[in-house]
$ cat my_file.cif   # mmCIF, C-alpha atoms
data_coords
#
loop_
_atom_site.label_atom_id
_atom_site.label_comp_id
_atom_site.auth_asym_id
_atom_site.auth_seq_id
_atom_site.Cartn_x
_atom_site.Cartn_y
_atom_site.Cartn_z
CA MET A 288 58.86 -149.23 42.07
CA PRO A 289 57.71 -152.84 41.79
CA VAL A 290 60.98 -154.26 40.52
CA SER A 291 61.62 -157.41 42.49
CA VAL A 292 64.38 -156.96 45.06
CA THR A 293 64.29 -160.64 45.97
CA ASN A 294 64.68 -161.87 42.42
CA SER A 295 67.34 -159.29 41.61
CA LYS A 296 69.29 -160.62 44.59
CA LEU A 297 68.84 -164.15 43.35
CA ILE A 298 70.30 -163.19 39.96
CA TYR A 299 73.15 -161.29 41.56
CA ASP A 300 74.04 -164.16 43.87
CA ALA A 301 74.03 -166.55 40.94
CA LEU A 302 76.49 -164.28 39.09
CA LYS A 303 78.73 -164.27 42.15
CA GLU A 304 78.59 -168.05 42.31
CA CYS A 305 79.91 -168.10 38.75
CA ASP A 306 82.89 -166.01 39.87
CA ILE A 307 81.79 -162.94 37.93
CA GLN A 308 84.14 -160.19 39.05
CA LEU A 309 83.24 -157.37 36.67
CA VAL A 310 79.80 -156.10 35.73
CA SER A 311 79.20 -153.41 33.16
CA ALA A 312 75.86 -151.69 33.14
CA LEU A 313 73.71 -148.95 31.83
CA PRO A 314 70.78 -148.29 34.13
CA GLU A 315 67.23 -149.15 33.26
CA THR A 316 64.26 -149.66 35.53
CA TRP A 317 64.40 -153.43 35.78
CA LEU A 318 68.13 -153.39 36.48
CA VAL A 319 68.22 -150.87 39.33
CA HIS A 320 68.56 -153.39 42.15
CA LEU A 321 71.12 -155.45 40.30
CA ILE A 322 73.22 -152.36 39.72
CA ARG A 323 72.89 -151.30 43.37
CA LEU A 324 74.00 -154.75 44.48
CA ALA A 325 77.07 -154.48 42.28
CA GLU A 326 77.73 -150.99 43.58
CA GLU A 327 77.56 -152.10 47.21
CA ASP A 328 79.83 -155.11 46.62
CA PRO A 329 83.47 -154.16 47.28
CA GLN A 330 84.63 -157.30 45.46
CA MET A 331 82.83 -156.34 42.24
CA ILE A 332 84.21 -154.03 39.58
CA LEU A 333 81.20 -152.07 38.34
CA VAL A 334 81.65 -150.14 35.10
CA ARG A 335 78.92 -147.62 34.38
CA LEU A 336 78.78 -147.07 30.66
CA ALA A 337 77.86 -144.19 28.42
CA LYS A 338 76.59 -146.64 25.79
CA GLU A 339 76.22 -150.41 25.87
CA GLU A 340 78.58 -151.19 23.00
CA GLU A 341 81.49 -150.12 25.20
CA ALA A 342 80.73 -153.17 27.32
CA VAL A 343 81.86 -155.49 24.52
CA GLY A 344 85.34 -153.97 24.61
CA ILE A 345 85.42 -153.91 28.40
CA SER A 346 84.39 -157.55 28.65
CA ALA A 347 86.96 -158.48 26.01
CA GLY A 348 89.64 -156.72 28.03
CA ALA A 349 88.47 -158.55 31.14
CA HIS A 350 88.56 -161.87 29.29
CA PHE A 351 92.13 -161.23 28.14
CA ALA A 352 92.95 -160.41 31.76
CA GLY A 353 91.42 -163.70 32.90
CA VAL A 354 88.47 -162.08 34.67
CA LYS A 355 84.92 -163.28 34.18
CA SER A 356 82.43 -160.52 33.46
CA ALA A 357 78.75 -159.95 32.80
CA MET A 358 76.90 -157.26 30.87
CA LEU A 359 73.66 -155.77 32.20
CA MET A 360 71.63 -154.03 29.57
CA GLN A 361 68.15 -153.39 28.28
CA ASN A 362 67.21 -154.96 24.97
CA HIS A 363 67.57 -151.53 23.36
CA GLY A 364 71.13 -151.52 24.67
CA PHE A 365 71.65 -154.85 22.98
CA LEU A 366 70.44 -153.23 19.76
CA ALA A 367 73.04 -150.51 20.30
CA SER A 368 75.82 -153.10 20.73
CA VAL A 369 75.39 -155.09 17.55
CA ASN A 370 78.49 -154.02 15.65
CA GLY A 371 80.68 -154.62 18.68
CA ILE A 372 79.20 -158.09 19.06
CA VAL A 373 79.72 -158.95 15.39
CA SER A 374 83.06 -157.36 14.70
CA PHE A 375 84.69 -157.98 18.04
CA ALA A 376 83.03 -160.79 20.00
CA HIS A 377 82.25 -162.96 17.01
CA LEU A 378 85.31 -162.05 14.97
CA TYR A 379 87.71 -162.70 17.84
CA LYS A 380 85.76 -165.40 19.68
CA ILE A 381 85.16 -163.48 22.89
CA PRO A 382 82.81 -164.92 25.54
CA LEU A 383 80.10 -162.47 26.61
CA LEU A 384 77.51 -163.20 29.27
CA MET A 385 74.73 -160.79 28.38
CA LEU A 386 71.83 -160.26 30.78
CA ILE A 387 69.24 -158.39 28.78
CA SER A 388 66.03 -157.01 30.24
CA TYR A 389 63.33 -157.99 27.79
CA ARG A 390 61.18 -154.89 27.54
CA GLY A 391 58.36 -154.29 25.10
CA THR A 392 56.61 -157.63 25.44
CA LEU A 393 53.44 -158.87 27.17
CA GLY A 394 52.27 -156.36 29.75
CA GLU A 395 54.50 -153.50 28.62
CA ARG A 396 52.96 -150.14 29.54
CA ASP A 397 55.63 -147.80 28.20
CA PRO A 398 54.86 -147.04 24.55
CA TRP A 399 58.53 -146.21 23.89
CA GLN A 400 59.64 -149.74 24.78
CA THR A 401 57.33 -151.55 22.41
CA GLN A 402 59.40 -151.61 19.22
CA GLY A 403 62.48 -153.21 20.74
CA GLY A 404 60.43 -156.08 22.07
CA LYS A 405 59.47 -157.10 18.57
CA VAL A 406 62.98 -157.42 17.20
CA THR A 407 65.00 -158.72 20.13
CA GLU A 408 64.59 -162.43 19.49
CA PRO A 409 64.75 -162.19 15.68
CA LEU A 410 67.98 -160.24 16.03
CA LEU A 411 69.47 -162.73 18.49
CA GLN A 412 68.57 -165.46 16.02
CA ALA A 413 70.03 -163.55 13.08
CA LEU A 414 73.26 -163.12 15.03
CA ARG A 415 73.24 -166.83 15.95
CA ILE A 416 73.49 -165.92 19.62
CA PRO A 417 72.17 -168.69 21.87
CA TYR A 418 69.56 -167.19 24.19
CA PHE A 419 67.52 -168.45 27.10
CA PHE A 420 64.93 -166.97 29.42
CA LEU A 421 65.17 -166.09 33.06
CA ASP A 422 61.50 -166.42 33.87
CA ARG A 423 61.21 -168.74 36.84
CA LEU A 424 62.62 -168.51 40.32
CA ASP A 425 63.57 -172.16 40.47
CA SER A 426 65.73 -172.12 37.35
CA VAL A 427 67.57 -168.80 37.67
CA ARG A 428 70.69 -170.11 39.38
CA LYS A 429 71.05 -173.08 37.08
CA ARG A 430 70.46 -171.10 33.87
CA ILE A 431 72.99 -168.45 34.81
CA ARG A 432 75.57 -171.10 35.64
CA GLN A 433 74.86 -172.98 32.42
CA ALA A 434 74.99 -169.79 30.33
CA GLN A 435 78.32 -168.90 31.90
CA THR A 436 79.62 -172.39 31.14
CA LEU A 437 78.45 -172.17 27.53
CA THR A 438 79.89 -168.74 26.83
CA GLU A 439 83.29 -169.84 28.19
CA SER A 440 83.36 -173.16 26.34
CA SER A 441 82.03 -171.84 23.02
CA LEU A 442 83.94 -168.54 23.18
CA GLN A 443 80.91 -166.71 21.89
CA PRO A 444 78.21 -164.48 23.35
CA VAL A 445 75.29 -166.05 25.21
CA ALA A 446 72.20 -164.03 26.11
CA LEU A 447 69.83 -164.41 29.03
CA LEU A 448 66.56 -162.55 28.63
CA LEU A 449 65.26 -161.17 31.91
CA THR A 450 61.49 -161.37 31.74
CA ARG A 451 58.69 -159.37 33.33
CA ASP A 452 57.54 -162.49 35.20
CA LEU A 453 60.82 -162.57 37.07
CA MET A 454 61.71 -158.90 37.40
CA TRP A 455 58.35 -157.24 38.10
CA GLU A 456 56.05 -157.58 41.09
CA GLU A 457 52.56 -156.14 40.87
CA MET B 69 105.08 -135.87 11.97
CA PHE B 70 104.48 -139.41 10.83
CA ARG B 71 102.75 -142.05 12.92
CA LEU B 72 105.33 -144.67 12.02
CA ASP B 73 108.13 -142.48 13.40
CA CYS B 74 106.12 -141.97 16.59
CA LEU B 75 105.63 -145.70 17.03
CA ARG B 76 109.30 -146.34 16.33
CA SER B 77 110.34 -143.78 18.92
CA VAL B 78 108.56 -145.64 21.74
CA TYR B 79 108.76 -149.20 20.43
CA SER B 80 111.37 -150.30 22.95
CA ASP B 81 109.27 -148.85 25.78
CA LEU B 82 106.30 -151.03 24.87
CA GLU B 83 107.96 -154.22 26.02
CA ASN B 84 106.44 -154.17 29.48
CA CYS B 85 103.04 -152.79 28.48
CA LEU B 86 99.90 -154.39 27.20
CA VAL B 87 99.27 -152.71 23.87
CA VAL B 88 95.90 -152.41 22.13
CA THR B 89 95.68 -150.80 18.71
CA ILE B 90 92.89 -149.88 16.35
CA MET B 91 92.63 -151.33 12.86
CA GLY B 92 94.20 -150.11 9.67
CA ALA B 93 97.40 -148.14 9.46
CA VAL B 94 98.17 -148.22 13.19
CA ALA B 95 97.98 -152.02 13.34
CA ALA B 96 99.96 -152.53 10.14
CA GLU B 97 102.67 -150.05 11.07
CA LEU B 98 103.19 -151.41 14.57
CA GLN B 99 103.44 -154.91 13.12
CA SER B 100 105.96 -153.67 10.56
CA LEU B 101 108.23 -152.72 13.47
CA GLY B 102 107.94 -156.23 14.86
CA HIS B 103 105.03 -158.04 16.41
CA ARG B 104 105.20 -159.02 20.07
CA PRO B 105 102.89 -161.24 22.11
CA ASN B 106 101.83 -158.28 24.25
CA PHE B 107 100.33 -156.45 21.24
CA PHE B 108 96.64 -156.86 20.36
CA TYR B 109 95.31 -155.35 17.15
CA LEU B 110 91.56 -154.78 17.11
CA GLN B 111 91.05 -155.14 13.37
CA HIS B 112 87.44 -153.96 13.39
CA ALA B 113 84.84 -152.81 15.91
CA MET B 114 85.90 -149.20 15.48
CA GLY B 115 85.77 -147.28 18.73
CA LEU B 116 86.25 -150.20 21.09
CA ALA B 117 90.05 -150.19 21.41
CA SER B 118 89.83 -147.68 24.26
CA SER B 119 87.09 -149.73 25.95
CA THR B 120 89.29 -152.83 25.67
CA GLY B 121 92.17 -150.97 27.25
CA LEU B 122 89.86 -149.82 30.03
CA GLY B 123 88.71 -153.39 30.69
CA LEU B 124 92.32 -154.58 30.86
CA ALA B 125 93.39 -151.72 33.11
CA LEU B 126 90.50 -152.19 35.55
CA CYS B 127 91.19 -155.91 35.86
CA LEU B 128 94.99 -155.57 36.02
CA PRO B 129 95.56 -152.36 37.97
CA GLU B 130 99.32 -152.89 38.36
CA GLN B 131 99.86 -153.45 34.65
CA LYS B 132 100.72 -150.64 32.24
CA VAL B 133 98.26 -150.57 29.35
CA ILE B 134 98.65 -148.39 26.28
CA VAL B 135 95.98 -147.90 23.63
CA PHE B 136 96.85 -146.58 20.19
CA ASP B 137 93.59 -145.03 19.05
CA GLY B 138 92.77 -142.78 16.09
CA ASP B 139 90.55 -139.78 15.47
CA GLY B 140 88.07 -141.71 13.32
CA SER B 141 87.74 -144.51 15.85
CA LEU B 142 87.52 -142.25 18.87
CA LEU B 143 84.86 -140.10 17.21
CA MET B 144 82.73 -143.25 16.95
CA ASN B 145 82.88 -143.78 20.70
CA LEU B 146 83.44 -140.43 22.38
CA GLY B 147 81.51 -141.74 25.37
CA SER B 148 84.52 -143.95 26.08
CA LEU B 149 86.45 -140.84 27.14
CA SER B 150 83.83 -140.14 29.80
CA THR B 151 83.86 -143.77 30.97
CA MET B 152 87.66 -143.87 31.15
CA ALA B 153 87.66 -140.56 33.02
CA ARG B 154 85.08 -141.88 35.46
CA TYR B 155 87.34 -144.75 36.56
CA ARG B 156 90.70 -143.21 35.56
CA PRO B 157 92.95 -146.27 35.88
CA LYS B 158 96.36 -145.00 36.96
CA LYS B 159 98.37 -147.01 34.47
CA LEU B 160 96.28 -146.54 31.35
CA ILE B 161 97.73 -144.44 28.54
CA HIS B 162 95.46 -143.46 25.69
CA VAL B 163 97.25 -142.28 22.57
CA VAL B 164 95.14 -140.84 19.77
CA PHE B 165 96.82 -140.51 16.39
CA ASP B 166 94.88 -137.65 14.83
CA ASN B 167 95.45 -137.45 11.10
CA GLU B 168 92.11 -135.69 10.57
CA SER B 169 91.20 -138.42 8.15
CA LEU B 170 89.62 -141.82 7.65
CA LEU B 171 92.80 -142.83 5.90
CA SER B 172 92.28 -146.51 5.24
CA VAL B 173 88.93 -145.97 3.53
CA GLY B 174 89.92 -143.28 1.08
CA GLY B 175 91.19 -140.45 3.25
CA PHE B 176 87.93 -138.64 3.76
CA PRO B 177 88.32 -135.88 6.35
CA THR B 178 86.99 -136.37 9.87
CA ALA B 179 85.51 -133.65 12.06
CA THR B 180 88.91 -132.92 13.59
CA SER B 181 89.77 -131.39 10.20
CA THR B 182 87.04 -128.82 10.71
CA GLY B 183 87.86 -127.91 14.27
CA THR B 184 86.70 -130.70 16.58
CA ASP B 185 89.22 -130.59 19.39
CA LEU B 186 89.92 -134.04 20.85
CA GLU B 187 92.23 -132.63 23.51
CA GLY B 188 89.46 -130.31 24.65
CA ILE B 189 86.89 -133.10 24.65
CA ALA B 190 89.17 -135.41 26.66
CA ARG B 191 89.88 -132.64 29.16
CA SER B 192 86.21 -131.77 29.51
CA CYS B 193 85.36 -135.42 30.05
CA GLY B 194 87.65 -135.36 33.05
CA ILE B 195 90.74 -137.22 31.79
CA PRO B 196 93.27 -136.03 34.38
CA ARG B 197 96.24 -135.54 32.02
CA VAL B 198 95.80 -134.52 28.41
CA ILE B 199 98.47 -133.29 26.03
CA THR B 200 98.68 -132.60 22.30
CA VAL B 201 102.01 -133.23 20.59
CA ARG B 202 103.25 -132.26 17.14
CA SER B 203 106.80 -133.61 16.99
CA VAL B 204 108.30 -137.06 17.44
CA GLU B 205 110.50 -135.78 20.28
CA ALA B 206 107.45 -134.38 22.09
CA PHE B 207 105.54 -137.60 21.44
CA LYS B 208 108.29 -139.76 22.88
CA ALA B 209 108.61 -137.52 25.92
CA ALA B 210 104.85 -137.51 26.50
CA VAL B 211 104.61 -141.30 26.34
CA ARG B 212 107.59 -141.75 28.66
CA ASP B 213 106.17 -139.21 31.13
CA ALA B 214 102.85 -141.00 31.09
CA MET B 215 104.55 -144.35 31.67
CA GLN B 216 106.35 -143.00 34.69
CA GLY B 217 103.35 -141.10 35.97
CA THR B 218 100.40 -142.38 37.92
CA GLU B 219 97.50 -140.75 36.13
CA LEU B 220 95.30 -141.72 33.24
CA THR B 221 96.70 -139.79 30.28
CA THR B 222 95.38 -139.01 26.83
CA ILE B 223 98.00 -137.98 24.28
CA VAL B 224 96.68 -136.48 21.06
CA ALA B 225 99.39 -136.86 18.41
CA LYS B 226 98.80 -134.77 15.31
CA VAL B 227 100.17 -136.81 12.41
CA GLU B 228 100.22 -136.72 8.63
CA ALA B 229 97.56 -138.66 6.76
CA LYS B 230 100.02 -141.16 5.37
CA GLY B 231 99.77 -144.90 5.87
CA PRO B 232 101.54 -148.09 4.91
CA ALA B 233 101.42 -149.60 1.43
CA ALA B 234 99.39 -152.59 2.66
CA TYR B 235 97.00 -153.05 5.55
CA VAL B 236 96.65 -156.82 5.64
CA THR B 237 99.42 -158.65 7.46
CA ASP B 238 100.15 -162.34 7.82
CA LEU B 239 99.13 -162.45 11.50
CA SER B 240 95.72 -164.06 11.80
CA LEU B 241 93.24 -162.31 14.04
CA LEU B 242 92.55 -165.35 16.19
CA GLU B 243 96.22 -166.24 16.50
CA ASN B 244 96.85 -162.73 17.77
CA ARG B 245 93.94 -162.88 20.21
CA PHE B 246 94.87 -166.23 21.76
CA GLN B 247 98.53 -165.35 21.94
CA PHE B 248 97.71 -162.05 23.67
CA ARG B 249 95.54 -163.69 26.31
CA ARG B 250 98.06 -166.46 26.90
CA HIS B 251 100.80 -163.88 27.32
CA ILE B 252 98.77 -162.08 29.99
CA GLN B 253 98.05 -165.31 31.82
CA SER B 254 101.78 -166.13 31.80
CA LEU B 255 102.47 -162.72 33.36
CA LYS B 256 99.93 -163.42 36.10
CA ALA B 257 101.50 -166.80 36.79
CA ARG B 258 104.90 -165.26 37.44
#

$ encode --input "my_file.cif" --output "C-alpha cells"
Amino acid sequence: MPVSVTNSKLIYDALKECDIQLVSALPETWLVHLIRLAEEDPQMILVRLAKEEEAVGISAGAHFAGVKSAMLMQNHGFLASVNGIVSFAHLYKIPLLMLISYRGTLGERDPWQTQGGKVTEPLLQALRIPYFFLDRLDSVRKRIRQAQTLTESSLQPVALLLTRDLMWEE
Amino acid sequence: MFRLDCLRSVYSDLENCLVVTIMGAVAAELQSLGHRPNFFYLQHAMGLASSTGLGLALCLPEQKVIVFDGDGSLLMNLGSLSTMARYRPKKLIHVVFDNESLLSVGGFPTATSTGTDLEGIARSCGIPRVITVRSVEAFKAAVRDAMQGTELTTIVAKVEAKGPAAYVTDLSLLENRFQFRRHIQSLKAR
C-alpha cells in the first residue's frame, strides 16, 4: 500500500507538538498509518468511531475537559458530520481541528470516491470553515501548528485537507 | 412515570457529576429544577449528547459524568452505543428517557413505540450494565447504583410523553457552554 509512512509520521509528530492528546478516527486508506501511530502511542487517547459525526461530540467533550483533540476523517466522513458541525461546533463555538483526506481529486482511481471530491471545498466554503492544504513536506508542521492556533483562538472548526501529493507514494 | 419526577428524584445527586442533556423537554425540565454550572444542555445536534459525555469521560476518567439522552436522539446515533461500549468509561452513566415519541416536535411516535428495544440494543452493543426502569423509585435506585458502581451503565427510563409548557429558557447557549467549561477547569485546578 503506497501510503506514505514518512509523511504520516510527520503529520503525527506535528499533532503531538501541538499537545493533541485525543484523536478520533474512522479508518480509510490514507489514514492507516496515522491511526496506527495513535494506537501505538500510550499517551494518546484514540477513539475509533462508528460514524464521523460522533467525533464532533467527542471533541466538544474533550474541549470542555481542557484537552486538545484532532479528528481524522475522509472527506466523505466530513460530509457525514455536517449537522454536528453546524448545530454543535458552530452553535456553541467549539474548536475542531479536522484533518480530512481529500479523496476524489486529481489522480483518483476509485470510482466511488469521485463525487465527494467535487463538493468538499464548496461545502467547506458554504459552512465558512477556514481550510488549508497539507500538500508539501516543508509546510506540514507549520500549517498544523497554525491551524491548531486558529481553531483555539477563533473557537470554530478549521480544516486541513490531506492531499494525494503528501499522502501517496507511487 | 414522568421525566420531571425522575430528574427531581436524583437532582441532589447530580452536584458532583458533569451533566450533559439533550435538547427540548429534558433541558427545560432540568433547568426548571435549578440550573447549576456543572450542567450542559446540548440544545441541538441530536444524537451527540452521548458522544459529548464519552469525550468528557475519556478525558476525565476520575470524574462522574451523566448523560440524559432520549429515545429520539439516541435513535439518530445508535452507533454511539457501540463506541461507548468499546471504551466503557467506568464513571459514565447514560440515562435514556424513552417516551416513545418526538415530543417537542409534535409527539410523533418513534420506533420504540413499535417495538425497538433500546435496552436490548445497548446490551448487544456491549454496554456492561443495562437496566430498564418504570418507576421513580426504581429510577432513583438505578442512578444511585450506577454512581456507586464502576461500570459504564445505560439506564432506559420509560416515561410518559409529557413535557414542560415552554422549551426556551433564559439561559443563553453560549453562556451555558462557557460556564460549563470554566467550571470543569476550576475542578481541575483544585

$ resolve_selection --input "my_file.cif" --expression "the PyMOL selection byres ((chain A) within 12 of (chain B))" --output "VMD selection string"
chain A and resid 307 to 313 330 to 356 367 to 381 442

$ residues_near_point --input "my_file.cif" --point "(76.6, -172.5, 30.5)" --cutoff "12 Å" --atoms "all atoms listed in the file" --output "ChimeraX atom specification"
/A:302,305,382-384,417-419,428-447

$ atom_distance --input "my_file.cif" --atom1 "atom CA of B:Gly140" --atom2 "atom CA of B:Asp166"
8.1 Å

$ resolve_selection --input "my_file.cif" --expression "the PyMOL selection byres ((chain B and resi 98-104) around 9)" --output "PDB file with C-alpha atoms, in the frame of the given file"
ATOM      1  CA  LEU B  72     105.330-144.670  12.020  1.00  0.00           C
ATOM      2  CA  LEU B  75     105.630-145.700  17.030  1.00  0.00           C
ATOM      3  CA  ARG B  76     109.300-146.340  16.330  1.00  0.00           C
ATOM      4  CA  TYR B  79     108.760-149.200  20.430  1.00  0.00           C
ATOM      5  CA  GLU B  83     107.960-154.220  26.020  1.00  0.00           C
ATOM      6  CA  THR B  89      95.680-150.800  18.710  1.00  0.00           C
ATOM      7  CA  ALA B  93      97.400-148.140   9.460  1.00  0.00           C
ATOM      8  CA  VAL B  94      98.170-148.220  13.190  1.00  0.00           C
ATOM      9  CA  ALA B  95      97.980-152.020  13.340  1.00  0.00           C
ATOM     10  CA  ALA B  96      99.960-152.530  10.140  1.00  0.00           C
ATOM     11  CA  GLU B  97     102.670-150.050  11.070  1.00  0.00           C
ATOM     12  CA  PRO B 105     102.890-161.240  22.110  1.00  0.00           C
ATOM     13  CA  ASN B 106     101.830-158.280  24.250  1.00  0.00           C
ATOM     14  CA  PHE B 107     100.330-156.450  21.240  1.00  0.00           C
ATOM     15  CA  PHE B 108      96.640-156.860  20.360  1.00  0.00           C
ATOM     16  CA  THR B 237      99.420-158.650   7.460  1.00  0.00           C
ATOM     17  CA  LEU B 239      99.130-162.450  11.500  1.00  0.00           C
ATOM     18  CA  PHE B 248      97.710-162.050  23.670  1.00  0.00           C
TER      19      PHE B 248
END

$ closest_residue --input "my_file.cif" --among "B:Asp137, B:Ala179, B:Pro157, B:Lys226" --to "B:Val204" --atoms "all atoms listed in the file"
B:Lys226

$ residues_around --input "my_file.cif" --residues "B:Leu186" --least-positions-apart "2" --cutoff "10 Å" --atoms "only C-alpha atoms" --output "PyMOL selection string"
chain B and resi 139+142-143+146+149+164+166+179-180+183-184+188-192+198+200+222-224

$ write_last_selection --input "my_file.cif" --atoms "C-alpha atoms" --output "compact mmCIF listing (two decimals), in the coordinates of the input"
# COMPACT_ATOMS: atom_id res chain seq x y z
CA ASP B 139 90.55 -139.78 15.47
CA LEU B 142 87.52 -142.25 18.87
CA LEU B 143 84.86 -140.10 17.21
CA LEU B 146 83.44 -140.43 22.38
CA LEU B 149 86.45 -140.84 27.14
CA VAL B 164 95.14 -140.84 19.77
CA ASP B 166 94.88 -137.65 14.83
CA ALA B 179 85.51 -133.65 12.06
CA THR B 180 88.91 -132.92 13.59
CA GLY B 183 87.86 -127.91 14.27
CA THR B 184 86.70 -130.70 16.58
CA GLY B 188 89.46 -130.31 24.65
CA ILE B 189 86.89 -133.10 24.65
CA ALA B 190 89.17 -135.41 26.66
CA ARG B 191 89.88 -132.64 29.16
CA SER B 192 86.21 -131.77 29.51
CA VAL B 198 95.80 -134.52 28.41
CA THR B 200 98.68 -132.60 22.30
CA THR B 222 95.38 -139.01 26.83
CA ILE B 223 98.00 -137.98 24.28
CA VAL B 224 96.68 -136.48 21.06

$ atom_distance --input "my_file.cif" --atom1 "atom CA of B:Ser240" --atom2 "atom CA of B:Val135"
20.0 Å

$ atom_distance --input "my_file.cif" --atom1 "atom CA of B:Ile134" --atom2 "atom CA of B:Ile161"
4.6 Å

$ resolve_selection --input "my_file.cif" --expression "the PyMOL selection byres ((chain B and resi 86) around 6)" --output "PyMOL selection string"
chain B and resi 85+87+106+133

$ residues_around --input "my_file.cif" --residues "B:Ile195" --least-positions-apart "5" --cutoff "7 Å" --atoms "all atoms listed in the file" --output "ChimeraX atom specification"
/B:153,190,220-221
